[in-house]
$ cat target-v1.cif   # mmCIF, N, CA and C atoms
data_data
loop_
_atom_site.label_atom_id
_atom_site.label_comp_id
_atom_site.auth_asym_id
_atom_site.auth_seq_id
_atom_site.Cartn_x
_atom_site.Cartn_y
_atom_site.Cartn_z
N MET P 1 21.04 4.79 -2.87
CA MET P 1 20.17 5.94 -2.66
C MET P 1 20.82 7.16 -3.29
N THR P 2 19.99 7.96 -3.92
CA THR P 2 20.45 9.18 -4.55
C THR P 2 19.73 10.36 -3.90
N GLU P 3 20.48 11.33 -3.41
CA GLU P 3 19.85 12.52 -2.84
C GLU P 3 19.11 13.27 -3.93
N VAL P 4 17.95 13.84 -3.55
CA VAL P 4 17.10 14.53 -4.52
C VAL P 4 16.71 15.91 -4.00
N GLN P 5 16.28 16.75 -4.90
CA GLN P 5 15.76 18.07 -4.57
C GLN P 5 14.25 17.97 -4.41
N SER P 6 13.79 18.01 -3.18
CA SER P 6 12.37 17.87 -2.89
C SER P 6 12.08 18.47 -1.53
N SER P 7 10.88 18.96 -1.35
CA SER P 7 10.50 19.50 -0.04
C SER P 7 10.10 18.39 0.92
N GLN P 8 9.88 17.16 0.41
CA GLN P 8 9.47 16.05 1.24
C GLN P 8 10.52 14.94 1.35
N LEU P 9 11.24 14.72 0.26
CA LEU P 9 12.13 13.57 0.17
C LEU P 9 13.59 13.97 0.25
N LYS P 10 14.36 13.17 0.97
CA LYS P 10 15.80 13.40 1.07
C LYS P 10 16.53 12.61 -0.02
N ALA P 11 16.10 11.35 -0.21
CA ALA P 11 16.77 10.48 -1.18
C ALA P 11 15.82 9.40 -1.65
N ILE P 12 16.07 8.90 -2.87
CA ILE P 12 15.30 7.78 -3.40
C ILE P 12 16.26 6.75 -3.99
N GLY P 13 15.80 5.53 -4.07
CA GLY P 13 16.60 4.48 -4.66
C GLY P 13 15.70 3.40 -5.22
N TYR P 14 16.28 2.54 -6.02
CA TYR P 14 15.49 1.47 -6.64
C TYR P 14 16.38 0.25 -6.86
N CYS P 15 15.85 -0.92 -6.54
CA CYS P 15 16.54 -2.18 -6.80
C CYS P 15 15.76 -2.93 -7.87
N PRO P 16 16.29 -2.99 -9.09
CA PRO P 16 15.55 -3.67 -10.16
C PRO P 16 15.40 -5.18 -9.91
N ALA P 17 16.34 -5.79 -9.22
CA ALA P 17 16.27 -7.23 -8.96
C ALA P 17 15.07 -7.60 -8.10
N THR P 18 14.76 -6.75 -7.11
CA THR P 18 13.62 -7.02 -6.22
C THR P 18 12.43 -6.12 -6.52
N LYS P 19 12.59 -5.20 -7.46
CA LYS P 19 11.54 -4.23 -7.82
C LYS P 19 11.07 -3.47 -6.59
N THR P 20 12.04 -3.00 -5.80
CA THR P 20 11.74 -2.28 -4.57
C THR P 20 12.18 -0.83 -4.67
N LEU P 21 11.25 0.07 -4.40
CA LEU P 21 11.51 1.50 -4.34
C LEU P 21 11.82 1.86 -2.90
N ALA P 22 12.85 2.65 -2.68
CA ALA P 22 13.21 3.12 -1.34
C ALA P 22 13.11 4.64 -1.32
N CYS P 23 12.46 5.18 -0.30
CA CYS P 23 12.32 6.63 -0.14
C CYS P 23 12.71 7.02 1.27
N GLN P 24 13.64 7.97 1.36
CA GLN P 24 14.03 8.52 2.66
C GLN P 24 13.48 9.93 2.73
N PHE P 25 12.85 10.25 3.84
CA PHE P 25 12.15 11.53 3.98
C PHE P 25 12.98 12.55 4.74
N LEU P 26 12.67 13.82 4.54
CA LEU P 26 13.37 14.89 5.22
C LEU P 26 12.94 14.99 6.68
N ARG P 27 11.70 14.69 6.96
CA ARG P 27 11.19 14.78 8.32
C ARG P 27 11.00 13.38 8.89
N GLY P 28 10.90 13.31 10.19
CA GLY P 28 10.66 12.02 10.82
C GLY P 28 11.92 11.43 11.42
N GLU P 29 11.90 10.14 11.58
CA GLU P 29 12.98 9.45 12.28
C GLU P 29 14.10 8.98 11.35
N GLN P 30 14.19 9.54 10.17
CA GLN P 30 15.22 9.16 9.20
C GLN P 30 15.13 7.68 8.84
N LYS P 31 13.91 7.15 8.79
CA LYS P 31 13.73 5.79 8.33
C LYS P 31 13.51 5.82 6.83
N THR P 32 13.78 4.70 6.20
CA THR P 32 13.59 4.56 4.77
C THR P 32 12.36 3.68 4.55
N ALA P 33 11.42 4.18 3.76
CA ALA P 33 10.24 3.41 3.41
C ALA P 33 10.56 2.56 2.18
N LEU P 34 10.22 1.28 2.24
CA LEU P 34 10.47 0.35 1.16
C LEU P 34 9.14 -0.07 0.54
N TYR P 35 9.02 0.12 -0.77
CA TYR P 35 7.80 -0.20 -1.50
C TYR P 35 8.09 -1.32 -2.49
N PRO P 36 7.59 -2.54 -2.23
CA PRO P 36 7.85 -3.66 -3.13
C PRO P 36 6.94 -3.61 -4.36
N GLY P 37 7.32 -4.36 -5.39
CA GLY P 37 6.46 -4.51 -6.56
C GLY P 37 6.38 -3.29 -7.46
N VAL P 38 7.40 -2.46 -7.45
CA VAL P 38 7.42 -1.27 -8.31
C VAL P 38 8.16 -1.62 -9.60
N GLU P 39 7.47 -1.51 -10.70
CA GLU P 39 8.07 -1.82 -12.00
C GLU P 39 9.09 -0.74 -12.38
N PRO P 40 10.10 -1.11 -13.17
CA PRO P 40 11.12 -0.13 -13.58
C PRO P 40 10.52 1.12 -14.24
N GLU P 41 9.47 0.93 -15.03
CA GLU P 41 8.83 2.07 -15.69
C GLU P 41 8.19 3.01 -14.68
N GLN P 42 7.63 2.44 -13.60
CA GLN P 42 7.02 3.26 -12.56
C GLN P 42 8.09 4.07 -11.84
N PHE P 43 9.23 3.45 -11.55
CA PHE P 43 10.31 4.17 -10.89
C PHE P 43 10.83 5.28 -11.80
N GLU P 44 11.00 4.99 -13.07
CA GLU P 44 11.50 6.01 -14.01
C GLU P 44 10.54 7.20 -14.09
N ALA P 45 9.24 6.93 -14.11
CA ALA P 45 8.25 8.01 -14.13
C ALA P 45 8.36 8.85 -12.86
N PHE P 46 8.57 8.21 -11.73
CA PHE P 46 8.74 8.91 -10.46
C PHE P 46 10.03 9.74 -10.47
N ARG P 47 11.12 9.09 -10.82
CA ARG P 47 12.44 9.74 -10.80
C ARG P 47 12.51 10.95 -11.70
N THR P 48 11.83 10.91 -12.83
CA THR P 48 11.90 11.99 -13.81
C THR P 48 10.71 12.94 -13.75
N SER P 49 9.85 12.77 -12.76
CA SER P 49 8.68 13.64 -12.66
C SER P 49 9.10 15.08 -12.36
N GLU P 50 8.24 15.99 -12.74
CA GLU P 50 8.51 17.42 -12.51
C GLU P 50 8.56 17.73 -11.01
N SER P 51 7.70 17.04 -10.25
CA SER P 51 7.66 17.23 -8.80
C SER P 51 7.64 15.86 -8.13
N LEU P 52 8.73 15.50 -7.47
CA LEU P 52 8.78 14.21 -6.78
C LEU P 52 7.72 14.11 -5.69
N GLY P 53 7.52 15.20 -4.95
CA GLY P 53 6.53 15.20 -3.88
C GLY P 53 5.12 14.99 -4.38
N LYS P 54 4.76 15.67 -5.46
CA LYS P 54 3.41 15.51 -6.03
C LYS P 54 3.23 14.11 -6.58
N HIS P 55 4.24 13.60 -7.28
CA HIS P 55 4.15 12.25 -7.83
C HIS P 55 4.05 11.23 -6.70
N PHE P 56 4.85 11.41 -5.66
CA PHE P 56 4.81 10.51 -4.52
C PHE P 56 3.41 10.50 -3.90
N GLY P 57 2.85 11.69 -3.69
CA GLY P 57 1.52 11.79 -3.09
C GLY P 57 0.43 11.16 -3.93
N ALA P 58 0.54 11.29 -5.24
CA ALA P 58 -0.50 10.79 -6.14
C ALA P 58 -0.39 9.30 -6.44
N HIS P 59 0.83 8.76 -6.45
CA HIS P 59 1.02 7.40 -6.94
C HIS P 59 1.64 6.41 -5.95
N ILE P 60 2.26 6.90 -4.89
CA ILE P 60 3.00 6.00 -4.02
C ILE P 60 2.51 6.05 -2.57
N LYS P 61 2.27 7.23 -2.07
CA LYS P 61 1.94 7.43 -0.65
C LYS P 61 0.74 6.59 -0.19
N THR P 62 -0.22 6.37 -1.05
CA THR P 62 -1.44 5.67 -0.66
C THR P 62 -1.27 4.15 -0.59
N ARG P 63 -0.13 3.63 -1.04
CA ARG P 63 0.10 2.19 -0.99
C ARG P 63 0.22 1.72 0.46
N LYS P 64 -0.36 0.58 0.74
CA LYS P 64 -0.35 0.04 2.10
C LYS P 64 0.69 -1.07 2.27
N ASP P 65 1.35 -1.46 1.19
CA ASP P 65 2.26 -2.61 1.24
C ASP P 65 3.72 -2.21 1.44
N PHE P 66 3.96 -1.18 2.24
CA PHE P 66 5.34 -0.74 2.46
C PHE P 66 5.80 -1.15 3.85
N SER P 67 7.11 -1.11 4.04
CA SER P 67 7.70 -1.36 5.35
C SER P 67 8.79 -0.32 5.56
N TYR P 68 9.26 -0.21 6.79
CA TYR P 68 10.33 0.73 7.11
C TYR P 68 11.63 -0.01 7.41
N ALA P 69 12.71 0.59 6.98
CA ALA P 69 14.05 0.12 7.32
C ALA P 69 14.81 1.31 7.89
N ASP P 70 15.64 1.06 8.90
CA ASP P 70 16.45 2.15 9.44
C ASP P 70 17.38 2.68 8.38
N ALA P 71 17.65 3.96 8.43
CA ALA P 71 18.63 4.55 7.51
C ALA P 71 19.99 3.92 7.78
N PRO P 72 20.81 3.69 6.75
CA PRO P 72 22.12 3.05 6.94
C PRO P 72 22.98 3.77 7.97
N GLU P 73 22.94 5.10 8.01
CA GLU P 73 23.76 5.85 8.95
C GLU P 73 23.36 5.53 10.39
N LYS P 74 22.05 5.41 10.63
CA LYS P 74 21.56 5.13 11.97
C LYS P 74 21.95 3.71 12.38
N ALA P 75 21.81 2.76 11.47
CA ALA P 75 22.16 1.37 11.77
C ALA P 75 23.65 1.25 12.08
N GLU P 76 24.50 1.96 11.31
CA GLU P 76 25.94 1.91 11.55
C GLU P 76 26.30 2.50 12.91
N ALA P 77 25.63 3.59 13.27
CA ALA P 77 25.89 4.22 14.56
C ALA P 77 25.52 3.30 15.71
N GLU P 78 24.39 2.59 15.57
CA GLU P 78 23.96 1.67 16.61
C GLU P 78 24.90 0.48 16.72
N GLU P 79 25.41 -0.01 15.57
CA GLU P 79 26.36 -1.12 15.59
C GLU P 79 27.66 -0.70 16.28
N ALA P 80 28.09 0.54 16.08
CA ALA P 80 29.32 1.02 16.68
C ALA P 80 29.21 1.09 18.20
N LYS P 81 27.98 1.36 18.71
CA LYS P 81 27.77 1.44 20.14
C LYS P 81 27.86 0.07 20.80
N ALA P 82 27.50 -0.97 20.06
CA ALA P 82 27.44 -2.34 20.62
C ALA P 82 28.81 -2.93 20.89
#
$ encode --input "target-v1.cif" --output "structure tokens"
Amino acid sequence: MTEVQSSQLKAIGYCPATKTLACQFLRGEQKTALYPGVEPEQFEAFRTSESLGKHFGAHIKTRKDFSYADAPEKAEAEEAKA
């Protein structure tokens, strides 16, 4: 994950092997949304867009095939408690 300058997003990441886009938001429960089936060209267009938030809203937010994963920091904290 790479931290980004955005009013909506805290960090984004991409796994080319699984073609999965990961987005962590500034608001909410610090969960990471995982979007499968994102082609490398689509991620590059997103990553280099003038406005990550506008691009996200226009091309990614409307997708229904996403899932949530806990942020790594939250998962590590919960493991430490156990």
$ atom_distance --input "target-v1.cif" --atom1 "atom C of Lys19 of chain P" --atom2 "atom C of Ser49 of chain P"
19.5 Å
$ resolve_selection --input "target-v1.cif" --expression "the PyMOL selection byres (((chain P and resi 55 and name CA) around 12) and name CA)" --output "list of chain:residue names"
P:Ser6, P:Gln8, P:Leu9, P:Gln42, P:Phe43, P:Glu44, P:Ala45, P:Phe46, P:Arg47, P:Thr48, P:Ser49, P:Glu50, P:Ser51, P:Leu52, P:Gly53, P:Lys54, P:Phe56, P:Gly57, P:Ala58, P:His59, P:Ile60, P:Lys61, P:Thr62
$ write_last_selection --input "target-v1.cif" --atoms "N, CA and C atoms" --output "short mmCIF file (atom, residue, chain, number, x, y, z; two decimals), in the coordinates of the input"
data_model
loop_
_atom_site.label_atom_id
_atom_site.label_comp_id
_atom_site.auth_asym_id
_atom_site.auth_seq_id
_atom_site.Cartn_x
_atom_site.Cartn_y
_atom_site.Cartn_z
N SER P 6 13.79 18.01 -3.18
CA SER P 6 12.37 17.87 -2.89
C SER P 6 12.08 18.47 -1.53
N GLN P 8 9.88 17.16 0.41
CA GLN P 8 9.47 16.05 1.24
C GLN P 8 10.52 14.94 1.35
N LEU P 9 11.24 14.72 0.26
CA LEU P 9 12.13 13.57 0.17
C LEU P 9 13.59 13.97 0.25
N GLN P 42 7.63 2.44 -13.60
CA GLN P 42 7.02 3.26 -12.56
C GLN P 42 8.09 4.07 -11.84
N PHE P 43 9.23 3.45 -11.55
CA PHE P 43 10.31 4.17 -10.89
C PHE P 43 10.83 5.28 -11.80
N GLU P 44 11.00 4.99 -13.07
CA GLU P 44 11.50 6.01 -14.01
C GLU P 44 10.54 7.20 -14.09
N ALA P 45 9.24 6.93 -14.11
CA ALA P 45 8.25 8.01 -14.13
C ALA P 45 8.36 8.85 -12.86
N PHE P 46 8.57 8.21 -11.73
CA PHE P 46 8.74 8.91 -10.46
C PHE P 46 10.03 9.74 -10.47
N ARG P 47 11.12 9.09 -10.82
CA ARG P 47 12.44 9.74 -10.80
C ARG P 47 12.51 10.95 -11.70
N THR P 48 11.83 10.91 -12.83
CA THR P 48 11.90 11.99 -13.81
C THR P 48 10.71 12.94 -13.75
N SER P 49 9.85 12.77 -12.76
CA SER P 49 8.68 13.64 -12.66
C SER P 49 9.10 15.08 -12.36
N GLU P 50 8.24 15.99 -12.74
CA GLU P 50 8.51 17.42 -12.51
C GLU P 50 8.56 17.73 -11.01
N SER P 51 7.70 17.04 -10.25
CA SER P 51 7.66 17.23 -8.80
C SER P 51 7.64 15.86 -8.13
N LEU P 52 8.73 15.50 -7.47
CA LEU P 52 8.78 14.21 -6.78
C LEU P 52 7.72 14.11 -5.69
N GLY P 53 7.52 15.20 -4.95
CA GLY P 53 6.53 15.20 -3.88
C GLY P 53 5.12 14.99 -4.38
N LYS P 54 4.76 15.67 -5.46
CA LYS P 54 3.41 15.51 -6.03
C LYS P 54 3.23 14.11 -6.58
N PHE P 56 4.85 11.41 -5.66
CA PHE P 56 4.81 10.51 -4.52
C PHE P 56 3.41 10.50 -3.90
N GLY P 57 2.85 11.69 -3.69
CA GLY P 57 1.52 11.79 -3.09
C GLY P 57 0.43 11.16 -3.93
N ALA P 58 0.54 11.29 -5.24
CA ALA P 58 -0.50 10.79 -6.14
C ALA P 58 -0.39 9.30 -6.44
N HIS P 59 0.83 8.76 -6.45
CA HIS P 59 1.02 7.40 -6.94
C HIS P 59 1.64 6.41 -5.95
N ILE P 60 2.26 6.90 -4.89
CA ILE P 60 3.00 6.00 -4.02
C ILE P 60 2.51 6.05 -2.57
N LYS P 61 2.27 7.23 -2.07
CA LYS P 61 1.94 7.43 -0.65
C LYS P 61 0.74 6.59 -0.19
N THR P 62 -0.22 6.37 -1.05
CA THR P 62 -1.44 5.67 -0.66
C THR P 62 -1.27 4.15 -0.59
#
$ select_by_dssp --input "target-v1.cif" --residues "chain P" --states "strand (DSSP E)" --output "PyMOL selection string"
chain P and resi 2-3+9-15+20-25+31-35+67-70
$ closest_residue --input "target-v1.cif" --among "P:Thr2, P:Gly13, P:Ala22, P:Leu34" --to "Asp65 of chain P" --atoms "only C-alpha atoms"
P:Leu34
$ atom_distance --input "target-v1.cif" --atom1 "atom CA of Pro16 of chain P" --atom2 "atom CA of Gly37 of chain P"
9.8 Å
$ closest_residue --input "target-v1.cif" --among "P:Thr20, P:Phe25, P:Tyr35, P:Phe66" --to "Ser7 of chain P" --atoms "all atoms listed in the file"
P:Phe25
$ residues_around --input "target-v1.cif" --residues "Met1 of chain P" --least-positions-apart "5" --cutoff "9 Å" --atoms "only C-alpha atoms" --output "ChimeraX atom specification"
/P:11-14,22-24
$ closest_residue --input "target-v1.cif" --among "P:Glu41, P:Gln30, P:Ala17, P:Pro36" --to "Lys64 of chain P" --atoms "only C-alpha atoms"
P:Pro36
$ atom_distance --input "target-v1.cif" --atom1 "atom CA of Thr18 of chain P" --atom2 "atom N of Ser67 of chain P"
13.5 Å
$ closest_residue --input "target-v1.cif" --among "P:Glu3, P:Arg27, P:Lys10, P:Leu21" --to "Arg63 of chain P" --atoms "only C-alpha atoms"
P:Leu21
$ build_atoms --input "target-v1.cif" --residues "segment 16-27 of chain P" --atoms "all heavy atoms" --output "PDB file, in the coordinates of the input"
ATOM      1  N   PRO P  16      16.290  -2.990  -9.090  1.00  0.00           N
ATOM      2  CA  PRO P  16      15.550  -3.670 -10.160  1.00  0.00           C
ATOM      3  C   PRO P  16      15.400  -5.180  -9.910  1.00  0.00           C
ATOM      4  O   PRO P  16      14.411  -5.777 -10.329  1.00  0.00           O
ATOM      5  CB  PRO P  16      16.377  -3.408 -11.418  1.00  0.00           C
ATOM      6  CG  PRO P  16      17.597  -2.694 -11.005  1.00  0.00           C
ATOM      7  CD  PRO P  16      17.507  -2.360  -9.565  1.00  0.00           C
ATOM      8  N   ALA P  17      16.340  -5.790  -9.220  1.00  0.00           N
ATOM      9  CA  ALA P  17      16.270  -7.230  -8.960  1.00  0.00           C
ATOM     10  C   ALA P  17      15.070  -7.600  -8.100  1.00  0.00           C
ATOM     11  O   ALA P  17      14.422  -8.625  -8.313  1.00  0.00           O
ATOM     12  CB  ALA P  17      17.556  -7.718  -8.298  1.00  0.00           C
ATOM     13  N   THR P  18      14.760  -6.750  -7.110  1.00  0.00           N
ATOM     14  CA  THR P  18      13.620  -7.020  -6.220  1.00  0.00           C
ATOM     15  C   THR P  18      12.430  -6.120  -6.520  1.00  0.00           C
ATOM     16  O   THR P  18      11.389  -6.254  -5.864  1.00  0.00           O
ATOM     17  CB  THR P  18      14.030  -6.826  -4.751  1.00  0.00           C
ATOM     18  OG1 THR P  18      14.423  -5.461  -4.550  1.00  0.00           O
ATOM     19  CG2 THR P  18      15.160  -7.761  -4.364  1.00  0.00           C
ATOM     20  N   LYS P  19      12.590  -5.200  -7.460  1.00  0.00           N
ATOM     21  CA  LYS P  19      11.540  -4.230  -7.820  1.00  0.00           C
ATOM     22  C   LYS P  19      11.070  -3.470  -6.590  1.00  0.00           C
ATOM     23  O   LYS P  19       9.892  -3.297  -6.340  1.00  0.00           O
ATOM     24  CB  LYS P  19      10.381  -4.910  -8.530  1.00  0.00           C
ATOM     25  CG  LYS P  19      10.771  -5.509  -9.863  1.00  0.00           C
ATOM     26  CD  LYS P  19       9.586  -6.083 -10.579  1.00  0.00           C
ATOM     27  CE  LYS P  19      10.020  -6.656 -11.920  1.00  0.00           C
ATOM     28  NZ  LYS P  19       8.907  -7.255 -12.634  1.00  0.00           N
ATOM     29  N   THR P  20      12.040  -3.000  -5.800  1.00  0.00           N
ATOM     30  CA  THR P  20      11.740  -2.280  -4.570  1.00  0.00           C
ATOM     31  C   THR P  20      12.180  -0.830  -4.670  1.00  0.00           C
ATOM     32  O   THR P  20      13.325  -0.537  -5.001  1.00  0.00           O
ATOM     33  CB  THR P  20      12.452  -2.946  -3.372  1.00  0.00           C
ATOM     34  OG1 THR P  20      12.018  -4.304  -3.270  1.00  0.00           O
ATOM     35  CG2 THR P  20      12.138  -2.216  -2.077  1.00  0.00           C
ATOM     36  N   LEU P  21      11.250   0.070  -4.400  1.00  0.00           N
ATOM     37  CA  LEU P  21      11.510   1.500  -4.340  1.00  0.00           C
ATOM     38  C   LEU P  21      11.820   1.860  -2.900  1.00  0.00           C
ATOM     39  O   LEU P  21      11.129   1.408  -1.976  1.00  0.00           O
ATOM     40  CB  LEU P  21      10.278   2.275  -4.811  1.00  0.00           C
ATOM     41  CG  LEU P  21      10.271   3.781  -4.570  1.00  0.00           C
ATOM     42  CD1 LEU P  21      11.355   4.470  -5.387  1.00  0.00           C
ATOM     43  CD2 LEU P  21       8.905   4.359  -4.891  1.00  0.00           C
ATOM     44  N   ALA P  22      12.850   2.650  -2.680  1.00  0.00           N
ATOM     45  CA  ALA P  22      13.210   3.120  -1.340  1.00  0.00           C
ATOM     46  C   ALA P  22      13.110   4.640  -1.320  1.00  0.00           C
ATOM     47  O   ALA P  22      13.606   5.308  -2.228  1.00  0.00           O
ATOM     48  CB  ALA P  22      14.620   2.678  -0.985  1.00  0.00           C
ATOM     49  N   CYS P  23      12.460   5.180  -0.300  1.00  0.00           N
ATOM     50  CA  CYS P  23      12.320   6.630  -0.140  1.00  0.00           C
ATOM     51  C   CYS P  23      12.710   7.020   1.270  1.00  0.00           C
ATOM     52  O   CYS P  23      12.174   6.492   2.240  1.00  0.00           O
ATOM     53  CB  CYS P  23      10.875   7.054  -0.383  1.00  0.00           C
ATOM     54  SG  CYS P  23      10.261   6.777  -2.043  1.00  0.00           S
ATOM     55  N   GLN P  24      13.640   7.970   1.360  1.00  0.00           N
ATOM     56  CA  GLN P  24      14.030   8.520   2.660  1.00  0.00           C
ATOM     57  C   GLN P  24      13.480   9.930   2.730  1.00  0.00           C
ATOM     58  O   GLN P  24      13.639  10.720   1.787  1.00  0.00           O
ATOM     59  CB  GLN P  24      15.535   8.506   2.830  1.00  0.00           C
ATOM     60  CG  GLN P  24      15.962   8.861   4.233  1.00  0.00           C
ATOM     61  CD  GLN P  24      17.454   8.761   4.420  1.00  0.00           C
ATOM     62  OE1 GLN P  24      18.208   9.246   3.605  1.00  0.00           O
ATOM     63  NE2 GLN P  24      17.868   8.127   5.501  1.00  0.00           N
ATOM     64  N   PHE P  25      12.850  10.250   3.840  1.00  0.00           N
ATOM     65  CA  PHE P  25      12.150  11.530   3.980  1.00  0.00           C
ATOM     66  C   PHE P  25      12.980  12.550   4.740  1.00  0.00           C
ATOM     67  O   PHE P  25      13.866  12.198   5.513  1.00  0.00           O
ATOM     68  CB  PHE P  25      10.812  11.300   4.678  1.00  0.00           C
ATOM     69  CG  PHE P  25       9.943  10.323   3.920  1.00  0.00           C
ATOM     70  CD1 PHE P  25       9.941   8.983   4.245  1.00  0.00           C
ATOM     71  CD2 PHE P  25       9.168  10.749   2.860  1.00  0.00           C
ATOM     72  CE1 PHE P  25       9.173   8.072   3.538  1.00  0.00           C
ATOM     73  CE2 PHE P  25       8.402   9.854   2.144  1.00  0.00           C
ATOM     74  CZ  PHE P  25       8.405   8.516   2.473  1.00  0.00           C
ATOM     75  N   LEU P  26      12.670  13.820   4.540  1.00  0.00           N
ATOM     76  CA  LEU P  26      13.370  14.890   5.220  1.00  0.00           C
ATOM     77  C   LEU P  26      12.940  14.990   6.680  1.00  0.00           C
ATOM     78  O   LEU P  26      13.732  15.363   7.538  1.00  0.00           O
ATOM     79  CB  LEU P  26      13.112  16.227   4.521  1.00  0.00           C
ATOM     80  CG  LEU P  26      13.773  16.382   3.153  1.00  0.00           C
ATOM     81  CD1 LEU P  26      13.251  17.639   2.454  1.00  0.00           C
ATOM     82  CD2 LEU P  26      15.279  16.441   3.295  1.00  0.00           C
ATOM     83  N   ARG P  27      11.700  14.690   6.960  1.00  0.00           N
ATOM     84  CA  ARG P  27      11.190  14.780   8.320  1.00  0.00           C
ATOM     85  C   ARG P  27      11.000  13.380   8.890  1.00  0.00           C
ATOM     86  O   ARG P  27      10.932  12.399   8.179  1.00  0.00           O
ATOM     87  CB  ARG P  27       9.850  15.514   8.313  1.00  0.00           C
ATOM     88  CG  ARG P  27      10.007  16.951   7.852  1.00  0.00           C
ATOM     89  CD  ARG P  27       8.666  17.683   7.866  1.00  0.00           C
ATOM     90  NE  ARG P  27       8.809  19.008   7.347  1.00  0.00           N
ATOM     91  CZ  ARG P  27       8.631  19.355   6.079  1.00  0.00           C
ATOM     92  NH1 ARG P  27       8.313  18.450   5.187  1.00  0.00           N
ATOM     93  NH2 ARG P  27       8.777  20.604   5.695  1.00  0.00           N
TER      94      ARG P  27
END
